[in-house]
Every structure is written in structure tokens, then in C-alpha cells.
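Okay, data03.txt now, which holds compact mmCIF, C-alpha atoms:
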# COMPACT_ATOMS: atom_id res chain seq x y z
CA MET A 1 120.50 -8.74 -22.48
CA GLU A 2 118.02 -9.89 -19.87
CA GLU A 3 120.73 -10.21 -17.24
CA LEU A 4 121.89 -6.71 -18.05
CA ILE A 5 118.41 -5.33 -17.43
CA GLN A 6 118.20 -7.20 -14.16
CA LEU A 7 121.60 -5.88 -13.10
CA GLY A 8 120.55 -2.37 -14.05
CA PHE A 9 117.38 -2.70 -12.01
CA PHE A 10 119.32 -3.92 -9.00
CA ALA A 11 121.86 -1.10 -9.29
CA GLY A 12 119.01 1.38 -9.65
CA LEU A 13 117.39 0.13 -6.45
CA LEU A 14 120.72 0.35 -4.64
CA MET A 15 121.28 3.93 -5.80
CA LEU A 16 117.73 4.94 -4.90
CA GLY A 17 118.13 3.35 -1.48
CA TYR A 18 121.48 5.00 -0.91
CA PHE A 19 120.44 8.53 -1.79
CA TRP A 20 116.92 8.57 -0.40
CA GLY A 21 117.92 6.52 2.62
CA SER A 22 120.73 8.83 3.67
CA VAL A 23 118.64 11.95 3.08
CA ASN A 24 115.81 10.42 5.10
CA GLU A 25 118.11 9.44 7.93
CA ARG A 26 119.75 12.86 8.15
CA ARG A 27 116.37 14.55 8.17
CA HIS A 28 115.04 12.20 10.81
CA TYR A 29 118.05 12.69 13.09
CA HIS A 30 117.72 16.44 12.69
CA SER A 31 114.07 16.34 13.75
CA ILE A 32 114.82 13.94 16.63
CA ARG A 33 117.52 16.23 18.03
CA ARG A 34 115.28 19.28 17.75
CA ARG A 35 112.38 17.61 19.56
CA GLU A 36 114.65 16.05 22.18
CA LYS A 37 115.79 19.55 23.14
CA LYS A 38 112.17 20.69 23.37
CA TYR A 39 111.21 17.87 25.73
CA GLN A 40 114.41 17.95 27.78
CA SER A 41 112.49 19.23 30.79
CA VAL A 42 110.40 16.02 30.99
CA PRO A 43 112.71 13.30 32.27
CA ALA A 44 111.77 9.73 31.36
CA VAL A 45 113.21 7.39 33.97
CA SER A 46 113.06 3.67 34.59
CA PHE A 47 112.42 3.92 38.36
CA LYS A 48 109.67 1.59 39.46
CA SER A 49 108.02 4.13 41.75
CA VAL A 50 107.95 7.85 42.43
CA PRO A 51 110.87 9.22 44.50
CA ALA A 52 109.76 9.51 48.14
CA ASN A 53 109.83 13.32 48.42
CA ILE A 54 107.39 13.87 45.55
CA GLU A 55 103.67 14.27 46.08
CA VAL A 56 101.64 13.09 43.11
CA LYS A 57 98.57 14.89 41.82
CA THR A 58 97.66 12.84 38.73
CA SER A 59 99.12 9.88 36.90
CA LYS A 60 98.39 8.41 33.51
CA LEU A 61 99.63 5.69 31.19
CA VAL A 62 101.48 7.06 28.15
CA ILE A 63 102.42 5.14 25.00
CA GLY A 64 104.53 5.93 21.96
CA SER A 65 105.30 3.65 19.06
CA THR A 66 106.78 3.72 15.59
CA VAL A 67 107.54 1.37 12.70
CA ILE A 68 110.71 2.12 10.77
CA SER A 69 112.07 0.35 7.73
CA ILE A 70 115.65 0.02 6.58
CA ASP A 71 116.51 1.04 3.01
CA TYR A 72 117.60 -1.22 0.17
CA PHE A 73 121.24 -0.14 0.19
CA LYS A 74 121.71 -0.71 3.89
CA ARG A 75 120.04 -4.09 3.70
CA PHE A 76 122.48 -5.04 0.98
CA MET A 77 125.40 -3.74 3.07
CA ALA A 78 124.20 -5.81 6.01
CA VAL A 79 124.38 -8.94 3.86
CA LEU A 80 128.00 -8.08 3.02
CA TYR A 81 128.80 -7.38 6.69
CA ASN A 82 127.45 -10.82 7.46
CA LEU A 83 130.36 -12.37 5.59
CA VAL A 84 133.07 -10.65 7.59
CA GLY A 85 131.26 -10.24 10.91
CA GLY A 86 131.62 -7.30 13.28
CA ARG A 87 129.43 -4.31 13.98
CA LEU A 88 126.35 -4.00 11.82
CA LYS A 89 126.37 -0.22 11.62
CA PRO A 90 123.37 0.10 9.27
CA TYR A 91 121.12 -1.66 11.77
CA GLU A 92 122.52 0.18 14.77
CA SER A 93 121.37 3.52 13.44
CA LEU A 94 117.97 2.07 12.47
CA LEU A 95 117.31 0.82 16.00
CA ASP A 96 118.66 4.00 17.56
CA ARG A 97 116.33 6.16 15.48
CA ALA A 98 113.33 3.99 16.19
CA ARG A 99 113.87 3.93 19.97
CA ARG A 100 114.45 7.66 20.25
CA GLU A 101 111.40 8.37 18.10
CA ALA A 102 109.19 6.08 20.21
CA ILE A 103 110.32 7.73 23.46
CA LEU A 104 109.71 11.17 21.93
CA ARG A 105 106.20 10.19 20.86
CA MET A 106 105.50 8.92 24.34
CA LYS A 107 106.52 12.32 25.71
CA GLN A 108 104.53 14.17 23.05
CA SER A 109 101.36 12.28 23.91
CA SER A 110 101.34 13.97 27.31
CA PRO A 111 103.07 17.34 26.96
CA LYS A 112 102.04 18.62 30.39
CA ALA A 113 103.62 15.75 32.34
CA GLN A 114 106.47 16.59 34.68
CA LEU A 115 108.02 13.16 35.03
CA ILE A 116 107.58 9.79 33.33
CA ILE A 117 108.42 6.78 35.49
CA ASN A 118 108.79 3.06 34.84
CA VAL A 119 109.62 3.49 31.17
CA ARG A 120 109.81 0.24 29.22
CA VAL A 121 111.03 -0.04 25.65
CA GLU A 122 110.09 -3.06 23.57
CA THR A 123 111.23 -4.03 20.09
CA ALA A 124 109.44 -6.35 17.71
CA SER A 125 110.63 -7.19 14.23
CA ILE A 126 107.95 -7.09 11.56
CA SER A 127 109.72 -9.25 9.05
CA LYS A 128 108.68 -8.60 5.50
CA SER A 129 111.17 -10.30 3.26
CA SER A 130 110.95 -14.04 2.92
CA ARG A 131 114.72 -14.46 3.03
CA LYS A 132 115.67 -16.05 6.29
CA GLY A 133 117.34 -13.91 8.90
CA THR A 134 116.78 -10.53 7.26
CA VAL A 135 114.69 -7.94 9.01
CA GLY A 136 112.56 -5.66 6.85
CA SER A 137 111.25 -3.31 9.48
CA ILE A 138 111.05 -2.99 13.24
CA GLU A 139 108.41 -1.74 15.60
CA VAL A 140 109.46 -0.04 18.81
CA LEU A 141 106.99 0.57 21.62
CA ALA A 142 107.80 2.78 24.61
CA TYR A 143 105.45 3.12 27.56
CA GLY A 144 105.49 4.55 31.04
CA THR A 145 103.45 6.37 33.67
CA ALA A 146 103.29 10.16 33.39
CA ILE A 147 103.21 12.05 36.69
CA ASN A 148 102.09 15.54 37.63
CA TYR A 149 103.26 16.95 40.97
CA LYS A 150 101.07 18.58 43.57
CA MET B 151 89.52 4.11 34.75
CA LEU B 152 93.04 4.81 36.00
CA LEU B 153 95.80 3.04 34.12
CA SER B 154 99.41 2.62 35.12
CA ASN B 155 102.35 0.38 34.38
CA THR B 156 103.74 0.79 37.89
CA GLU B 157 102.87 -1.59 40.69
CA THR B 158 100.55 0.92 42.36
CA ILE B 159 98.72 4.01 41.18
CA PRO B 160 101.07 6.78 42.36
CA GLY B 161 99.45 8.87 45.09
CA LYS B 162 96.63 6.35 45.74
CA GLU B 163 96.19 3.28 47.83
CA ILE B 164 95.00 -0.11 46.66
CA ARG B 165 91.99 -1.42 48.60
CA GLU B 166 90.99 -4.53 46.67
CA PHE B 167 92.41 -6.88 44.04
CA TYR B 168 90.30 -8.43 41.30
CA GLY B 169 92.96 -10.42 39.47
CA LEU B 170 94.34 -10.42 35.98
CA VAL B 171 92.57 -8.70 33.09
CA ALA B 172 93.74 -8.92 29.51
CA GLY B 173 92.83 -7.77 26.03
CA SER B 174 94.13 -8.89 22.69
CA THR B 175 93.54 -8.38 19.02
CA VAL B 176 94.93 -9.98 15.87
CA ARG B 177 95.24 -7.72 12.88
CA ALA B 178 96.22 -8.23 9.28
CA LYS B 179 97.55 -5.47 7.07
CA HIS B 180 95.62 -4.69 3.93
CA ILE B 181 96.98 -4.78 0.44
CA GLY B 182 97.20 -1.03 -0.21
CA ARG B 183 99.26 -0.45 2.89
CA ASP B 184 101.39 -3.43 2.03
CA PHE B 185 102.14 -2.01 -1.38
CA MET B 186 103.20 1.36 0.07
CA ALA B 187 105.30 -0.42 2.64
CA GLY B 188 107.01 -2.33 -0.16
CA LEU B 189 108.01 0.96 -1.76
CA LYS B 190 109.13 2.38 1.58
CA ASN B 191 111.30 -0.70 2.06
CA ILE B 192 113.47 0.52 -0.80
CA ILE B 193 114.02 4.08 0.37
CA GLY B 194 113.79 3.48 4.12
CA GLY B 195 112.04 5.59 6.72
CA GLU B 196 108.88 5.35 8.76
CA LEU B 197 106.06 3.09 7.58
CA THR B 198 103.22 5.41 8.57
CA GLY B 199 100.50 2.96 7.56
CA TYR B 200 101.84 0.24 9.80
CA SER B 201 102.46 2.67 12.66
CA GLU B 202 98.82 3.75 12.60
CA LEU B 203 97.56 0.21 12.21
CA LEU B 204 99.48 -0.97 15.26
CA GLN B 205 98.46 2.06 17.31
CA ASP B 206 94.78 1.51 16.53
CA SER B 207 95.01 -2.18 17.31
CA ARG B 208 96.80 -1.56 20.56
CA GLN B 209 94.11 0.92 21.55
CA GLU B 210 91.48 -1.72 20.84
CA ALA B 211 93.29 -4.30 22.95
CA MET B 212 93.40 -1.76 25.78
CA ASN B 213 89.69 -1.00 25.40
CA ARG B 214 88.90 -4.69 25.74
CA MET B 215 91.04 -4.90 28.84
CA GLU B 216 89.27 -1.88 30.34
CA GLU B 217 85.84 -3.36 29.62
CA GLN B 218 86.82 -6.54 31.40
CA ALA B 219 88.01 -4.54 34.40
CA LYS B 220 84.77 -2.55 34.50
CA LYS B 221 82.78 -5.78 34.52
CA VAL B 222 84.43 -6.98 37.70
CA GLY B 223 83.94 -3.59 39.36
CA ALA B 224 87.49 -2.26 39.36
CA ASN B 225 88.34 1.42 39.00
CA ALA B 226 92.01 1.04 38.04
CA ILE B 227 94.43 -1.30 36.30
CA VAL B 228 98.01 -1.50 37.54
CA ASN B 229 101.20 -3.11 36.24
CA ILE B 230 100.11 -3.06 32.61
CA ARG B 231 102.37 -4.85 30.12
CA PHE B 232 102.29 -4.99 26.34
CA SER B 233 103.49 -7.65 23.99
CA THR B 234 103.52 -8.03 20.23
CA SER B 235 103.95 -11.29 18.39
CA SER B 236 103.73 -12.05 14.70
CA ILE B 237 101.73 -15.23 14.37
CA ALA B 238 101.51 -15.56 10.59
CA GLN B 239 102.93 -13.86 7.54
CA GLY B 240 101.35 -10.43 7.50
CA ALA B 241 99.41 -10.69 10.76
CA ALA B 242 100.31 -9.55 14.25
CA GLU B 243 98.79 -10.10 17.65
CA LEU B 244 98.77 -7.24 20.10
CA TYR B 245 98.26 -8.25 23.66
CA CYS B 246 98.09 -6.27 26.88
CA TYR B 247 97.42 -7.37 30.42
CA GLY B 248 97.36 -5.95 33.91
CA THR B 249 95.90 -6.35 37.37
CA ALA B 250 92.45 -4.93 38.06
CA VAL B 251 92.24 -3.18 41.42
CA LYS B 252 90.14 -0.76 43.42
CA VAL B 253 92.04 2.34 44.57
CA GLU B 254 91.23 5.23 46.85
Written form, C-alpha cells:
Amino acid sequence: MEELIQLGFFAGLLMLGYFWGSVNERRHYHSIRRREKKYQSVPAVSFKSVPANIEVKTSKLVIGSTVISIDYFKRFMAVLYNLVGGRLKPYESLLDRARREAILRMKQSSPKAQLIINVRVETASISKSSRKGTVGSIEVLAYGTAINYK
Amino acid sequence: MLLSNTETIPGKEIREFYGLVAGSTVRAKHIGRDFMAGLKNIIGGELTGYSELLQDSRQEAMNRMEEQAKKVGANAIVNIRFSTSSIAQGAAELYCYGTAVKVE
């Protein structure tokens, strides 16, 4: 009986993770795409300096960061993927979302900028679970220098 | 104080170098946030509590760096870099460093 309850609990967590996780992800992607369109006019580039023909009026450091967690179902799927190897699709979408969100927040923090140069993106895993090798959540930090032309 | 992660402040010229300045802070998460994060770990999505915590801590590290630069008489910091490392279960160190300079 006790095992049955445990199994039921596990299945419940999986279901919850699957439904909420996919709804969350769809919603997040929708909002990312909408905001990316809005900030299309502010290019974020990884050039180390300003292109030579541009005269700079002001410059400022801009930062954007986010912490995103993977859901229970995907974490379970990742364990299964580990047996057969290959692409870990659940984690790919997690990292993609986090990076795009961080870059968007960087742009949002300085909406009047015309160009952001020297953009760096850094990822740190904030491991929560004690199981070795599994990542609970990741932090992505994006930073660059926002430029306004003369 | 002008801040930039490029090697110069765009549109200005560096007159003097004062050397490396750095700021760091070690933060632990508190139990309420940890509990919410545990729930969020099931359904996925952004951990708002952690996001804010890290943003605040990073701001503090930057403030410390700026104070250090002011002390040596600089008016700008160039080539700023950030790094995050988890040093213990539940604690993270946020570190930032750059070169203090005088620009005109």
C-alpha cells in the first residue's frame, strides 16, 4: 500500500510538471517573441568597440539576468535521455529561454539606447538537487555597454 | 562614475590608470524563498525570488567596486567583468572587477 502511495505521488508530480511546465514554456516563448519584436530596433552586438563612423554621446553599463528552473517532468525525461545519449532537448529549450530572457532584460533596462556593444552572456548553474550531475536551475547574466549616438 | 565593459569609455579618452578594483559579496538564500523555489522546481519557470536576490547582490558588489574606485580618485571603470560561483550549498558569491581610470 505504501509503495502504491509513493508511486501515485511520483506520477502526480510528473503530471503536474508536464502540464504546468508546457503551459509555462509556451507562455514564456510567446512573451519572449513579442518583446523581441518590440526591441528589434536596438541591436545587441559582440563588437569590442564602436564602429568607426559612429560618434558617441553617452555610454552606460547595462545588465540583465534571470534564474529559470526546469520542471519535474523534463528533469525525469533528461534522466531517461542519459541512458541512450543524444540531444537533451528539455535542457536546450531551458537554456534558450533563459538566454533570450536575459538579453531582453538587458535591453529593457535601457530602453532609449541605440546600440549595445560588447555583449557577454554568462551561465551559472544553481544546483538545488543533491543528486549528482542534475541541474535544478540556471542563472543567465547578460551585460554590455549601451550607446547613444550624437 | 562612468561604467563600461569595453576597453575604453566610448567617446572619451583615458588619461590615467589606477589599477584593478573589485567588489564581491557572498549571499545565502533564506528559507521562505527556498521553499517557494522548491515548489517552482516541480512546475518549472522563473524563480523570481532568486532572480531578485542575485540582482540585489550584484548591485551591492558593484557599489563596493565603485566605492573603491572613488577612493583612489578615478572617475570611470572600464573592462568590467562579472563572475558567479557557488561556494557552498545554498550560498553564492558574486564578484565583479574592472580597471579604474580617469577619462576626459
Chain B contacts on chain A, all atoms listed in the file, 8 Å, as a count of residues only: 38
Separation of atom CA of B:Ile237 from atom CA of B:Val176 in Å: 8.7 Å
Pairwise distance for atom CA of B:Ala211 and atom CA of A:Arg97, rounded to one decimal in Å: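 So the two atoms, atom CA of B:Ala211 and atom CA of A:Arg97, lie 26.4 Å apart.
Nearest residue to B:Arg177 among B:Ala238, B:Val222, B:Ile227, B:Tyr247 is B:Ala238, counting only C-alpha atoms.
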Spatial neighbours of stretch 35-47 of chain A, max dist 12 Å, all atoms listed in the file, sep filter under 2 positions, as a PyMOL selection string: (chain A and resi 28-33+49-52+62+100-121+142-148) or (chain B and resi 155-157)
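Atom CA of B:Ala250 is positioned 25.6 Å from atom CA of A:Lys150.
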Selected residue of minimal separation from B:Glu210 among B:Ala224, B:Met186, B:Lys179, B:Cys246, counting all atoms listed in the file: B:Cys246
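Closest approach to B:Leu203 among B:Leu244, B:Glu163, B:Ala172, B:Phe185 is made by B:Leu244 (distances from all atoms listed in the file).
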Select all residues near (91.8, -6.3, 26.5) (cut-off 9 Å, inclusive, file coordinates), counting all atoms listed in the file, and output them as a compact mmCIF listing (two decimals) with C-alpha atoms, in the coordinates of the input.
# COMPACT_ATOMS: atom_id res chain seq x y z
CA VAL B 171 92.57 -8.70 33.09
CA ALA B 172 93.74 -8.92 29.51
CA GLY B 173 92.83 -7.77 26.03
CA SER B 174 94.13 -8.89 22.69
CA THR B 175 93.54 -8.38 19.02
CA GLU B 210 91.48 -1.72 20.84
CA ALA B 211 93.29 -4.30 22.95
CA MET B 212 93.40 -1.76 25.78
CA ASN B 213 89.69 -1.00 25.40
CA ARG B 214 88.90 -4.69 25.74
CA MET B 215 91.04 -4.90 28.84
CA GLU B 216 89.27 -1.88 30.34
CA GLU B 217 85.84 -3.36 29.62
CA GLN B 218 86.82 -6.54 31.40
CA ALA B 219 88.01 -4.54 34.40
CA TYR B 245 98.26 -8.25 23.66
CA CYS B 246 98.09 -6.27 26.88
CA TYR B 247 97.42 -7.37 30.42
Using all atoms listed in the file: which of A:Tyr91, A:Gly12, A:Asp96, A:Thr123 has the shortest distance to A:Val79: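 Among A:Tyr91, A:Gly12, A:Asp96, A:Thr123, it is A:Tyr91 that comes nearest to A:Val79.
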